[in-house]
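Each remark here refers to the structure printed beneath this line.
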Amino acid sequence: MTLNERKLIKRSMKGDIDAFEKLIEAHQKSAYNIALRMLKNPEDAKDVSQQAFVKIFKYIDTFNFKSSFTTWMYRIIVNLCIDYINKNKINNTYSLDNPIKTDTGEINREVKDNTDLPEDIVEKKETKQIVHNAINKLDDIHRSIIILRDIEDFSYKEISEILEISIGTVKSRIKRGRDNLRVILKEEMEQNPWNSV
Amino acid sequence: MDCNKCIENISPYIDDELIQGEKVEFEKHLKECKECEKIYNETLKVMNSIREIEYEPLPDDYKITLRSKLEDEKEYTKNPKNYKKWIGLGVAAVLIFFVIIMPSIYYFSNDSLNMDSAVEESKDMDSSNANEPMKQNLGNYGEMDSIEMADDETQDRAREEAQIDNRKIIKNAHIRIEVIEFNKTLKEITDNINLKEGYIQNSDIQTINRGRKEYKEGYMTLRIPQNYLEEVIDDISAKGKVNNLSINSDDVTKAYMDTEARLKNLEVQENRLRELIVKAEKIEDILNIENELRRIRTEIEQLQSTLKNWDNLVSLSTINLQLIEVDTIDNEIKPVDDNILSEAKKGFISTINNIIKALQTIFIFIITFSPILFLIIIVIAVFLWWRRKNNIK
């Protein structure tokens, strides 16, 4: 924890909103994107991420300076996202343990019309689209771990602190998450044969 | 390292979470095992493609809406939370306060009653002490000698009067009078009586608490020569408001006459016996006569005493006087009380004393009931904490 961070935290504890905004400024984008990836739509992502920040502000005086502030912060954010998901269960999940849902409409739901764009841009967009879809198809547990590891770049240790699980669990979840993704991506590619991913 | 273990280590290797030894082993196996290498590469591709995902930018109004939400939160927490807490504590404090105040007032008023009557008792003792010297004087008056001396003179006069109107009348008066200036009135009456050759047979002066003030009351028995009785009664009546005045007369003339006659007879008898005794010769007779003489003498003395007593009562009438001190007498308009300032001061001081007493009692009560208070406070604290915990959701 940097000295500056510590100062900002202390001021936030006293109710200084400006200090708090500075404190979370670097993390706002991450928080929003985590929520976006987990909840899959921008409105929910905005609501939940802001809710998380308000909650962090409300309970900042319970922060005991013993753990890392960012870990503590992201724990609240991720937990709030998980709670939100559990409240409004979105059934669009895929897991090696579950039967595959073949619903053409859903797979294609975020595909944009790209017939007028140059091929390489189209390719890149297509790739991105495929990856988006693939992640969205993961079930919540694996999706969250992939988000934290591959998008947010948290270390295993940090992930274990945020999700409050053991490092062994982190490892196994990452492995399964990536394995699932591999399978999903293979399927996606089979459906879009002109992509060479 | 076998393939299973190798596959398990793919992700940690990619994420740089393997220790050096494991790393080396892994890389070695990978060179040798095509299957594992394939899986490794695929996993690597997956990871990379995910990594290429760009961040979505924040919506335009994100920061603004977040700010307003934070401000709402701040207002909400800083006010109702404390507000509720203080309301809860305030209500609890008021309840506890009342629980203490009620019994303390009860105790306090009992104590003050005790205090008042204690004052009364001490004042009584004071006034009776003050009366001692006076009573001594009365005691002197009470001795037979002086009465006889006074009585001799008055007896002569009484006989003259009795001869004049030939009646023996014992007069008694009862007066109850309210006065404003007790001591002054008392002195005036006493002087008057002494002047008129009477005396105070009995005097009993008390101080009584009526309301918040003290008042004197005097109960006296006055003896006044009969002929001055009317005058003295008028004098006394003029000094205040008469509640009660009664005069009654006892006519003992007949009884007096009878007794006198009987006495004369006995005296004659006595003389005759005395003559007889001189003439007597036999011892037996002498003894008999002496017995008779003794008996007659005793009776004579009794009758004489009775007559004397009547003489006394007739010559000196008795006034039973009740002198009551009051603040005002209704049939006049009183000027403003001169003592108003000192009364106010007294009242003020007594209130201060009462407040001090009340505080002391409250303090004692708090200590007495502190275990209960302690428990109540704990219960309230637990309740507030529990509520706070629930609100955190």
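Ordering of the structure tokens sets the chain letters (A, B, ...), residue numbers begin anew at 1 in every chain, and ligands are numbered from 1 in the order given.
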
What are the residues of chain B lining chain A at 6 Å or less? Count only C-alpha atoms, and put the answer as a compact mmCIF listing (two decimals) with C-alpha atoms, in the first residue's frame.
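What ended up in iface20.txt:
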# COMPACT_ATOMS: atom_id res chain seq x y z
CA ARG B 51 -5.83 -11.09 -23.34
CA LEU B 66 -21.26 7.68 -9.07
CA LEU B 70 -21.69 8.67 -3.02

Hey, what does DSSP flag as strand (DSSP E or B) within region 294-330 of chain B? Can you give it to me as a PyMOL selection string? chain B and resi 316-325

Store the residues picked out above, limited to N, CA, C and O atoms, as an mmCIF file, in the first residue's frame.
data_model
loop_
_atom_site.group_PDB
_atom_site.id
_atom_site.type_symbol
_atom_site.label_atom_id
_atom_site.label_comp_id
_atom_site.auth_asym_id
_atom_site.auth_seq_id
_atom_site.Cartn_x
_atom_site.Cartn_y
_atom_site.Cartn_z
ATOM 1 N N LEU B 316 -60.174 35.954 93.262
ATOM 2 C CA LEU B 316 -59.445 36.043 91.998
ATOM 3 C C LEU B 316 -60.141 35.191 90.957
ATOM 4 O O LEU B 316 -60.177 33.965 91.058
ATOM 5 N N SER B 317 -60.661 35.867 89.965
ATOM 6 C CA SER B 317 -61.301 35.115 88.887
ATOM 7 C C SER B 317 -60.226 34.503 87.990
ATOM 8 O O SER B 317 -59.079 34.928 87.990
ATOM 9 N N THR B 318 -60.654 33.532 87.255
ATOM 10 C CA THR B 318 -59.715 32.814 86.393
ATOM 11 C C THR B 318 -60.022 33.100 84.930
ATOM 12 O O THR B 318 -61.183 33.033 84.513
ATOM 13 N N ILE B 319 -59.002 33.428 84.219
ATOM 14 C CA ILE B 319 -59.170 33.584 82.757
ATOM 15 C C ILE B 319 -58.298 32.513 82.091
ATOM 16 O O ILE B 319 -57.083 32.468 82.307
ATOM 17 N N ASN B 320 -58.915 31.674 81.283
ATOM 18 C CA ASN B 320 -58.158 30.736 80.442
ATOM 19 C C ASN B 320 -57.981 31.384 79.087
ATOM 20 O O ASN B 320 -58.944 31.569 78.338
ATOM 21 N N LEU B 321 -56.750 31.737 78.833
ATOM 22 C CA LEU B 321 -56.487 32.535 77.629
ATOM 23 C C LEU B 321 -55.757 31.705 76.584
ATOM 24 O O LEU B 321 -54.743 31.065 76.884
ATOM 25 N N GLN B 322 -56.257 31.726 75.334
ATOM 26 C CA GLN B 322 -55.524 31.145 74.201
ATOM 27 C C GLN B 322 -55.125 32.264 73.273
ATOM 28 O O GLN B 322 -55.984 32.968 72.746
ATOM 29 N N LEU B 323 -53.841 32.401 73.115
ATOM 30 C CA LEU B 323 -53.331 33.480 72.289
ATOM 31 C C LEU B 323 -52.735 32.847 71.026
ATOM 32 O O LEU B 323 -51.780 32.089 71.088
ATOM 33 N N ILE B 324 -53.307 33.167 69.840
ATOM 34 C CA ILE B 324 -52.878 32.528 68.604
ATOM 35 C C ILE B 324 -52.281 33.580 67.684
ATOM 36 O O ILE B 324 -52.897 34.613 67.441
ATOM 37 N N GLU B 325 -51.135 33.303 67.216
ATOM 38 C CA GLU B 325 -50.496 34.240 66.295
ATOM 39 C C GLU B 325 -50.934 33.945 64.855
ATOM 40 O O GLU B 325 -50.968 32.796 64.431
#

How many Å lie between CA of Gly21 (chain B) and CA of Ile159 (chain A), rounded to one decimal?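 Going from CA of Gly21 (chain B) over to CA of Ile159 (chain A) covers 23.7 Å.
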
Can you tell me, as a ChimeraX atom specification, which residues in region 2-188 of chain A count as alpha helix (DSSP H) by DSSP? /A:3-13,17-39,42-58,69-87,104-107,119-137,140-146,156-163,167-188

Could you name the residues that touch region 245-262 of chain B at 7 Å or less, counting only C-alpha atoms, but leaving out those on the same chain fewer than 5 positions away, as a list in words? Arg167, Lys168, Ile169, Ile170, Lys171, Asn172, Ala173, His174, Ile175, Arg176, Leu303 and Leu307 of chain B

Atom pair CA of Ile189 (chain B) / CA of Gly211 (chain B): separation (Å):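 These atoms are spaced 27.9 Å apart.
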
Which is closer to Ala26 (chain A) than all the others in B:Leu18, B:Val268, B:Leu195, B:Leu58, using only C-alpha atoms? B:Leu58

Quick check, in Å to one decimal: how far apart do CA of Leu80 (chain A) and CA of Ala19 (chain A) lie?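 If I compute the distance from CA of Leu80 (chain A) to CA of Ala19 (chain A), I get 23.1 Å.
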
Long-range neighbours of Phe63 (chain A) as a list in words, 10 Å cut-off, only C-alpha atoms, 2 positions minimum in chain: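 Answer for this query is Ile9, Lys10, Met13, Ile56, Tyr59, Ile60, Asp61, Phe65, Lys66, Ser67, Ser68, Phe69, Trp72 and Met73 of chain A.
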
Export of the given selection (all heavy atoms) as a tab-separated table (two decimals), in the first residue's frame:
chain	number	residue	atom	x	y	z
A	9	ILE	N	-7.15	6.81	1.83
A	9	ILE	CA	-8.08	5.94	2.56
A	9	ILE	C	-8.50	6.62	3.85
A	9	ILE	O	-9.69	6.64	4.20
A	9	ILE	CB	-7.42	4.58	2.88
A	9	ILE	CG1	-7.15	3.81	1.60
A	9	ILE	CG2	-8.31	3.75	3.80
A	9	ILE	CD1	-6.38	2.53	1.82
A	10	LYS	N	-7.52	7.19	4.55
A	10	LYS	CA	-7.86	7.82	5.83
A	10	LYS	C	-8.82	8.98	5.63
A	10	LYS	O	-9.76	9.16	6.40
A	10	LYS	CB	-6.58	8.29	6.52
A	10	LYS	CG	-5.82	7.14	7.11
A	10	LYS	CD	-4.79	7.60	8.13
A	10	LYS	CE	-4.14	6.37	8.77
A	10	LYS	NZ	-2.77	6.63	9.19
A	13	MET	N	-12.21	7.74	4.98
A	13	MET	CA	-12.87	7.27	6.20
A	13	MET	C	-13.59	8.41	6.90
A	13	MET	O	-14.61	8.21	7.54
A	13	MET	CB	-11.84	6.67	7.16
A	13	MET	CG	-11.38	5.28	6.80
A	13	MET	SD	-10.09	4.75	7.93
A	13	MET	CE	-9.98	3.03	7.51
A	56	ILE	N	-18.25	0.24	-0.87
A	56	ILE	CA	-16.88	0.40	-0.39
A	56	ILE	C	-16.74	1.69	0.39
A	56	ILE	O	-16.12	1.73	1.46
A	56	ILE	CB	-15.89	0.38	-1.57
A	56	ILE	CG1	-15.85	-1.01	-2.20
A	56	ILE	CG2	-14.49	0.77	-1.12
A	56	ILE	CD1	-15.19	-1.04	-3.56
A	59	TYR	N	-18.43	1.30	3.87
A	59	TYR	CA	-17.76	0.46	4.86
A	59	TYR	C	-16.26	0.66	4.92
A	59	TYR	O	-15.55	-0.16	5.47
A	59	TYR	CB	-18.10	-1.01	4.60
A	59	TYR	CG	-19.55	-1.26	4.86
A	59	TYR	CD1	-20.43	-1.46	3.81
A	59	TYR	CD2	-20.06	-1.23	6.15
A	59	TYR	CE1	-21.78	-1.65	4.04
A	59	TYR	CE2	-21.40	-1.42	6.38
A	59	TYR	CZ	-22.26	-1.63	5.33
A	59	TYR	OH	-23.58	-1.81	5.57
A	60	ILE	N	-15.79	1.77	4.33
A	60	ILE	CA	-14.35	1.97	4.32
A	60	ILE	C	-13.80	2.09	5.73
A	60	ILE	O	-12.62	1.79	5.97
A	60	ILE	CB	-13.96	3.18	3.45
A	60	ILE	CG1	-12.47	3.09	3.10
A	60	ILE	CG2	-14.26	4.49	4.14
A	60	ILE	CD1	-12.04	4.01	2.01
A	61	ASP	N	-14.62	2.52	6.66
A	61	ASP	CA	-14.08	2.63	8.02
A	61	ASP	C	-13.92	1.28	8.68
A	61	ASP	O	-13.40	1.20	9.80
A	61	ASP	CB	-14.91	3.58	8.88
A	61	ASP	CG	-16.38	3.29	8.77
A	61	ASP	OD1	-16.75	2.37	8.04
A	61	ASP	OD2	-17.17	4.00	9.41
A	65	PHE	N	-6.44	-1.96	7.25
A	65	PHE	CA	-5.07	-1.70	6.80
A	65	PHE	C	-4.18	-2.94	6.84
A	65	PHE	O	-2.98	-2.84	6.61
A	65	PHE	CB	-4.39	-0.58	7.60
A	65	PHE	CG	-4.95	0.78	7.29
A	65	PHE	CD1	-5.88	1.36	8.11
A	65	PHE	CD2	-4.57	1.45	6.14
A	65	PHE	CE1	-6.41	2.61	7.82
A	65	PHE	CE2	-5.09	2.70	5.84
A	65	PHE	CZ	-6.02	3.28	6.69
A	66	LYS	N	-4.72	-4.09	7.16
A	66	LYS	CA	-3.85	-5.27	7.24
A	66	LYS	C	-3.72	-5.93	5.88
A	66	LYS	O	-2.65	-6.40	5.52
A	66	LYS	CB	-4.43	-6.27	8.25
A	66	LYS	CG	-4.26	-5.79	9.67
A	66	LYS	CD	-4.40	-6.90	10.69
A	66	LYS	CE	-4.33	-6.30	12.10
A	66	LYS	NZ	-5.38	-6.81	12.98
A	67	SER	N	-4.81	-5.99	5.12
A	67	SER	CA	-4.71	-6.57	3.78
A	67	SER	C	-4.48	-5.45	2.78
A	67	SER	O	-4.44	-4.28	3.13
A	67	SER	CB	-5.98	-7.35	3.46
A	67	SER	OG	-7.10	-6.51	3.64
A	68	SER	N	-4.36	-5.85	1.51
A	68	SER	CA	-4.19	-4.84	0.47
A	68	SER	C	-5.54	-4.20	0.17
A	68	SER	O	-6.57	-4.88	0.17
A	68	SER	CB	-3.62	-5.51	-0.78
A	68	SER	OG	-4.18	-4.94	-1.94
A	69	PHE	N	-5.52	-2.90	-0.04
A	69	PHE	CA	-6.78	-2.21	-0.28
A	69	PHE	C	-7.43	-2.68	-1.57
A	69	PHE	O	-8.65	-2.88	-1.62
A	69	PHE	CB	-6.56	-0.70	-0.34
A	69	PHE	CG	-7.82	0.07	-0.62
A	69	PHE	CD1	-8.79	0.19	0.36
A	69	PHE	CD2	-8.06	0.63	-1.86
A	69	PHE	CE1	-9.97	0.88	0.11
A	69	PHE	CE2	-9.23	1.32	-2.11
A	69	PHE	CZ	-10.20	1.44	-1.13
A	72	TRP	N	-9.13	-6.00	-1.11
A	72	TRP	CA	-10.37	-5.81	-0.36
A	72	TRP	C	-11.45	-5.22	-1.25
A	72	TRP	O	-12.60	-5.66	-1.27
A	72	TRP	CB	-10.06	-4.90	0.83
A	72	TRP	CG	-11.22	-4.60	1.72
A	72	TRP	CD1	-11.81	-5.43	2.62
A	72	TRP	CD2	-11.93	-3.38	1.79
A	72	TRP	NE1	-12.83	-4.80	3.27
A	72	TRP	CE2	-12.92	-3.53	2.77
A	72	TRP	CE3	-11.83	-2.16	1.13
A	72	TRP	CZ2	-13.82	-2.51	3.11
A	72	TRP	CZ3	-12.71	-1.14	1.46
A	72	TRP	CH2	-13.70	-1.33	2.45
A	73	MET	N	-11.04	-4.25	-2.03
A	73	MET	CA	-11.99	-3.56	-2.91
A	73	MET	C	-12.56	-4.51	-3.95
A	73	MET	O	-13.77	-4.59	-4.15
A	73	MET	CB	-11.25	-2.41	-3.59
A	73	MET	CG	-12.15	-1.45	-4.30
A	73	MET	SD	-11.20	-0.14	-5.08
A	73	MET	CE	-10.63	-0.98	-6.52
